[in-house]
Amino acid sequence: MDLLDPLLLARWQFGLTTLYHFLFVPLTLGMALTVAIFQTTWFRTGNVKWLHLTRFFGKIFLINFAMGVVTGIVQEFQFGMNWSSYSRFVGDVFGAPLAFEGLMAFFFEATFIGLWIFGWDKLPKALHLASIWIATIGAWFSAYFILAANAFMQNPVGYQMAQDGGRAEMTDFLAVLTNPVALAALPHTLSAAFMMTAGVIISIAAWHLMRGQNLEMMRPALKYGLWGMIVSFAAVALSGDQLGLVMVQTQPMKMAAAEAMFDSACGADASFSIFSIGTPDGTGEIWSLRVPYLLSFLSTHTLDGCVEGINDLNVQYTTELFPQFADQVEGNFAPILWITYWSFRWMMGLGGIAALTAVVGLWLTRSKAKRDVPQWAWKLAVWAWPASLGAILIGWIFTEMGRQPWIVFGLMLTEDGVSPSVPGWTVLISLLAFTGIYASLAVVEAGLIIKTAKAGPEPLPGPDDPDPSDIPVADTPTTVY
Amino acid sequence: MDLAYVWFFIVGVLFVGYFVLDGFDFGVGMSLPFLGKDDVSRRQIINTIGPVWDLNETWVIVAGACLFAAFPEWYATLFSGFYLALLVILLALIARGVSFEYRHQRDSLRWKRGFDRMIVVGSALPALLWGVAVANIVQGVPIDADHEFTGSLLTLLNPYGLWVGVTTLLLFWLHGVYFIALKTDGQVQQDAHVLARRLAIPAVVFAAGTVVWTYVIAAGREAPLLWAVIACGVIAALALLASVVANAVKRDGWAFTAGAGTIVFAVLTLWLALFPFVMPSSTDIAYSLTIENASSTDYTLTIMTWAAVIFLPLVLLYQGWTYWIFRKRVTRSRIEKAAALVH
């Protein structure tokens with residue numbers, strides 16, 4: 001393996017910086033909504049505990065949001081820096097949703113978040129509340145445009161090839177925006193983001209409740225987190241099922257690779273393996289634990305459906321669909337199977353574990369419960385956040401690794417998208433720089449979030465409040481740089 | 001292909017917006033060691049841009065995305081070619097942004113000093129390097145027949161690039177000092193007036209040099225908009241002088257407005273000198289990227305034009321309103337009070 005191979009380094013850099021950026025994105029998406037809901041509840045009921053919860057989770061939201069912004073710029077610059085051939089090839093189509101995202105969504109988000117954070121004592125209450133809702137909706141629109149851009153890489157639509165074959169040219173923007181992959185991925189991503197947020201809320205609430213502090217605020221927060229987790233898990237599962245159907249239609253190789261299924265199969269033979277061991281050369285399987293019919297059902301919603309296998313697809317791609325690329329990939333259009341196979345399972349498994357934790361939590365804290373919540377359950381609940389975070393990150397690894405060897409499915413191979421003028425050592429320098437900076441920031445960031453979470457909300461007025469201030473809480477700033 | 005010319009100016013407007021807005025953020029950051037004599041005054045300085053630095057930085061994301069969408073060839077050649085310079089800018093912007101958020105999170109002076117340094121470096125480097133980058137685009141860099149950049153980082157560090165880089169550094173700095181004078185009170189404000197006076201002479205010298213040098217480059221290429229280059233250069237120079245006078249008589253609002261005008265017209269001077277190229281090639285002028293050969297299709301540009309026509313005015317409206325909401329001076333006493341409340 002060549003350590004200065006620009007392609008390899010550029011891929012590592014993209015994967016690393018994107019996953020890192022995506023540590024902050026889901027919490028921004030979900031926490032914005034959470035804060036908006038809490039503040040609306042306070043606005044309508046006047047119950048001050050919702051105000052304190054709003055401001056508490058608002059702080060965590062802010063620490064997180066700043067990281068999302070600064071790591072987001074890297075994403076946009078990186079297409080041009082490391083993937084200039086790709087950018088030339090797709091810019092006419094791919095650039096537009098990014099520009100729309102900036103003009104129509106991100107400007108709103110950034111501006112109104114600033115207004116919300118620093119506007120507590122400057123804006124009328126209703127306007128202040130409106131600003132967090134505008135920021136939330138802006139964040140969702142951002143997600144939509146970015147997913148539409150990504151969907152073009154998975155399933156290119158609404159374009160034609162230029163006459164000289166040098167680039168893809170947009171012919172139908174509406175088709176690009178209503179790409180079935182984007183429409184299925186949006187609810188899947190948003191609900192997964194909310195699962196992750198719910199996990200964080202459960203963890204924080206459990207940490208305080210275990211110590212018997214801030215009970216009046218943390219009990220409703222826990223309940224919100226537990227129900228949020230379960231509802232969003234249901235949404236994740238339903239939308240994931242939909243996304244799976246679309247995937248079978250648009251990228252059958254990805255589904256075959258998710259199952260590491262070499263030969264096409266129908267009905268009971270189209271089974272889903274929960275666990276499997278393959279031959280060392282990765283072309284066959286030795287042993288597996290299988291659920292019959294399940295793959296057929298996931299792929300076609302029928303029990304007697306047929307699912308194409310990797311070998312058949314390779315023949316079809318090589319001879320009929322993409323013969324011009326066959327030599328370059330040596331007749332193998334499949335992604336790296338152990339990655340797709342295991343990431344598919346870990347995504348679903350971790351999501352299931354997260355949802356299961358919430359079910360147990362709801363059972364233990366139900367109002368008719370005769371016993372106190374046992375200590376082990378609190379300790380477990382404090383670790384609710386990594387499962388859903390892991391699921392969402394691994395889900396992206398599956399989606400993007402499953403797209404390989406293509407950078408745009410059927411149109412361009414990943415190895416042809418890299419910048420030809422950038423030498424390997426340059427990419428290596430930037431990879432090392434980003435890894436170093438991101439790692440140290442992760443330490444500081446995690447420390448701050450934990451510190452803020454442990455400090456908890458400001459105490460409610462009453463005997464617990466050591467320093468009752470003359471100024472109403474709602475009129476004091478939350479943040480002073 | 002007419003829309004491509006429109007987009008040359010829309011992208012220009014977006015970068016002008018970015019340099020005017022984040023420009024004073026950079027200047028505020030660079031002033032920290034000169035005007036922030038104790039922690040309260042440093043907080044006072046940082047809080048002048050507290051609610052807005054984030055939305056100011058958003059302009060570069062939108063400008064970059066529009067550059068990508070409207071001129072994919074330009075975006076690809078520029079970003080892969082100016083790789084290391086952009087990498088340094090990215091790292092600096094990250095360091096600056098997180099430092100704003102992190103420095104106030106702990107009450108330790110050592111913790112704060114570390115982040116203060118990162119704010120200064122993270123503001124000064126982009127202020128310098130954006131100038132270097134734009135200057136090299138205007139002057140031309142080695143580009144081959146496939147539109148690939150064939151130079152290195154050292155290619156960019158030529159006399160004209162560095163001169164313009166120092167110019168943007170000084171102009172942004174001055175602009176930021178005007179902003180501090182406009183937004184603070186007490187000692188910080190007084191010191192800002194003095195610092196602005198000290199920066200005035202080098203800023204005028206470098207800005208004048210940039211205007212003349214840019215004119216020479218544009219004239220050498222027989223730039224079609226040469227008259228506009230001259231006009232913008234003269235207006236930029238006059239605005240700069242006006243800002244210096246306004247600062248001397250302590251009319252902070254006028255000084256800041258004129259400082260913003262200086263940056264607008266200085267960037268326009270460079271942008272118009274570039275027209276109708278977007279990246280002239282110094283290898284062979286025939287290899288150059290032009291507005292026509294680097295742009296997207298008419299279909300894409302039409303859709304983008306609709307979005308820009310509808311949303312850009314809206315953006316200006318609500319961002320302007322944001323500045324209105326946060327128009328009050330960041331006084332020393334308010335920072336002291338607020339800091340006590342939050343912690």
# chains A, B, ... in the order shown; residues from 1 in each chain; ligands from 1

call {"tool": "select_by_dssp", "arguments": {"residues": "segment 48-282 of chain B", "states": "alpha helix (DSSP H)", "output": "ChimeraX atom specification"}}
result
/B:48-49,53-70,72-81,83-102,109-139,153-156,159-183,186-220,226-248,252-274

call {"tool": "interface_residues", "arguments": {"of": "chain A", "to": "chain B", "cutoff": "8 Å", "atoms": "only C-alpha atoms", "output": "compact mmCIF listing (two decimals) with C-alpha atoms, in the first residue's frame"}}
result
# COMPACT_ATOMS: atom_id res chain seq x y z
CA ILE A 63 -21.30 24.64 22.50
CA ALA A 66 -20.12 26.38 16.98
CA MET A 67 -18.20 23.18 16.24
CA VAL A 70 -16.43 25.60 11.75
CA THR A 71 -16.12 21.94 10.71
CA ILE A 73 -16.68 24.97 6.10
CA VAL A 74 -14.10 22.20 5.69
CA GLU A 76 -17.51 22.59 1.34
CA PHE A 77 -13.89 23.49 0.61
CA PHE A 79 -14.79 19.07 -2.71
CA GLY A 80 -12.63 21.53 -4.60
CA MET A 81 -9.38 20.86 -2.75
CA ASN A 82 -9.28 17.07 -2.87
CA TRP A 83 -11.92 16.19 -5.45
CA SER A 84 -11.48 18.74 -8.22
CA SER A 85 -12.18 16.29 -11.08
CA SER A 87 -16.27 19.00 -8.86
CA ARG A 88 -15.69 19.79 -12.53
CA GLY A 91 -20.64 21.05 -10.40
CA ASP A 92 -23.44 22.06 -12.75
CA VAL A 93 -25.84 19.75 -10.89
CA PHE A 94 -24.30 19.25 -7.47
CA GLY A 95 -23.42 22.88 -6.79
CA ALA A 96 -26.97 24.19 -7.02
CA LEU A 98 -25.31 23.56 -1.98
CA ALA A 99 -25.86 27.16 -3.08
CA PHE A 100 -29.55 26.88 -2.22
CA GLY A 102 -26.49 28.58 1.83
CA LEU A 103 -28.91 31.17 0.49
CA MET A 104 -32.17 29.69 1.73
CA PHE A 106 -27.95 28.34 6.44
CA PHE A 107 -28.13 32.13 6.48
CA PHE A 108 -31.44 31.84 8.36
CA ALA A 110 -26.90 31.19 11.67
CA THR A 111 -28.58 34.57 11.95
CA GLY A 114 -27.35 34.41 17.08
CA LEU A 115 -30.54 36.35 17.77
CA ILE A 117 -28.59 33.23 22.05
CA PHE A 118 -27.96 36.92 22.60
CA LYS A 122 -33.32 42.38 23.80
CA LEU A 123 -36.22 40.80 21.92
CA GLU A 169 -25.48 19.05 -16.90
CA MET A 170 -28.67 19.72 -15.00
CA THR A 171 -31.89 19.47 -17.01
CA PHE A 173 -33.86 20.83 -10.88
CA SER A 419 -7.63 16.20 -7.77
CA PRO A 420 -4.92 15.41 -10.35
CA SER A 421 -2.76 18.42 -9.46
CA VAL A 422 -2.51 17.78 -5.72
CA THR A 426 0.02 17.75 0.44
CA SER A 430 -3.79 18.32 5.65
CA PHE A 434 -7.10 17.94 10.62
CA LEU A 448 -17.10 21.33 28.19
CA THR A 476 -30.62 37.83 31.72
CA PRO A 477 -28.25 36.81 28.95
CA THR A 478 -27.31 33.13 28.72
CA THR A 479 -23.94 33.75 27.21
CA VAL A 480 -21.28 36.39 27.58
CA TYR A 481 -18.15 35.74 25.59

call {"tool": "select_by_dssp", "arguments": {"residues": "segment 128-284 of chain A", "states": "strand (DSSP E or B)", "output": "list in words"}}
result
Tyr159, Gln160, Met161, Ala168, Glu169, Met170, Ala265, Cys266, Phe272, Ser273, Ile274, Phe275, Ser276, Ile277 and Gly278 of chain A

call {"tool": "closest_residue", "arguments": {"among": "B:Ala236, B:His193, B:Val138, B:Val229", "to": "Ala248 of chain B", "atoms": "only C-alpha atoms"}}
result
B:His193

call {"tool": "residues_around", "arguments": {"residues": "Leu238 of chain A", "least_positions_apart": "4", "cutoff": "10 Å", "atoms": "only C-alpha atoms", "output": "VMD selection string"}}
result
chain A and resid 184 187 to 188 232 to 234 242 to 244

call {"tool": "write_last_selection", "arguments": {"atoms": "C-alpha atoms", "output": "compact mmCIF listing (two decimals), in the first residue's frame"}}
result
# COMPACT_ATOMS: atom_id res chain seq x y z
CA ALA A 184 -36.49 8.73 1.82
CA PRO A 187 -37.04 11.51 7.39
CA HIS A 188 -34.53 8.75 8.11
CA SER A 232 -38.13 8.57 16.71
CA PHE A 233 -37.02 4.93 16.64
CA ALA A 234 -40.36 4.02 15.10
CA GLN A 242 -38.63 2.94 2.74
CA LEU A 243 -35.01 3.87 2.06
CA GLY A 244 -34.21 0.16 1.71

call {"tool": "atom_distance", "arguments": {"atom1": "atom CA of Ile230 of chain B", "atom2": "atom CA of Pro313 of chain B"}}
result
28.4 Å

call {"tool": "atom_distance", "arguments": {"atom1": "atom CA of Ala223 of chain B", "atom2": "atom CA of Val205 of chain B"}}
result
24.6 Å

call {"tool": "residues_around", "arguments": {"residues": "segment 173-187 of chain B", "least_positions_apart": "6", "cutoff": "9 Å", "atoms": "only C-alpha atoms", "output": "number ranges by chain"}}
result
B: 20, 23-31, 35, 41, 44-45, 48-49, 124, 127, 193, 195-196, 199-200, 203, 243, 247, 250-253, 255-260, 262-263, 327-332

call {"tool": "closest_residue", "arguments": {"among": "A:Trp338, A:Phe333, A:Leu129, A:Cys306", "to": "Leu321 of chain A", "atoms": "only C-alpha atoms"}}
result
A:Phe333

call {"tool": "closest_residue", "arguments": {"among": "A:His52, A:Asn314, A:Leu389, A:Val360", "to": "Val373 of chain A", "atoms": "only C-alpha atoms"}}
result
A:Val360
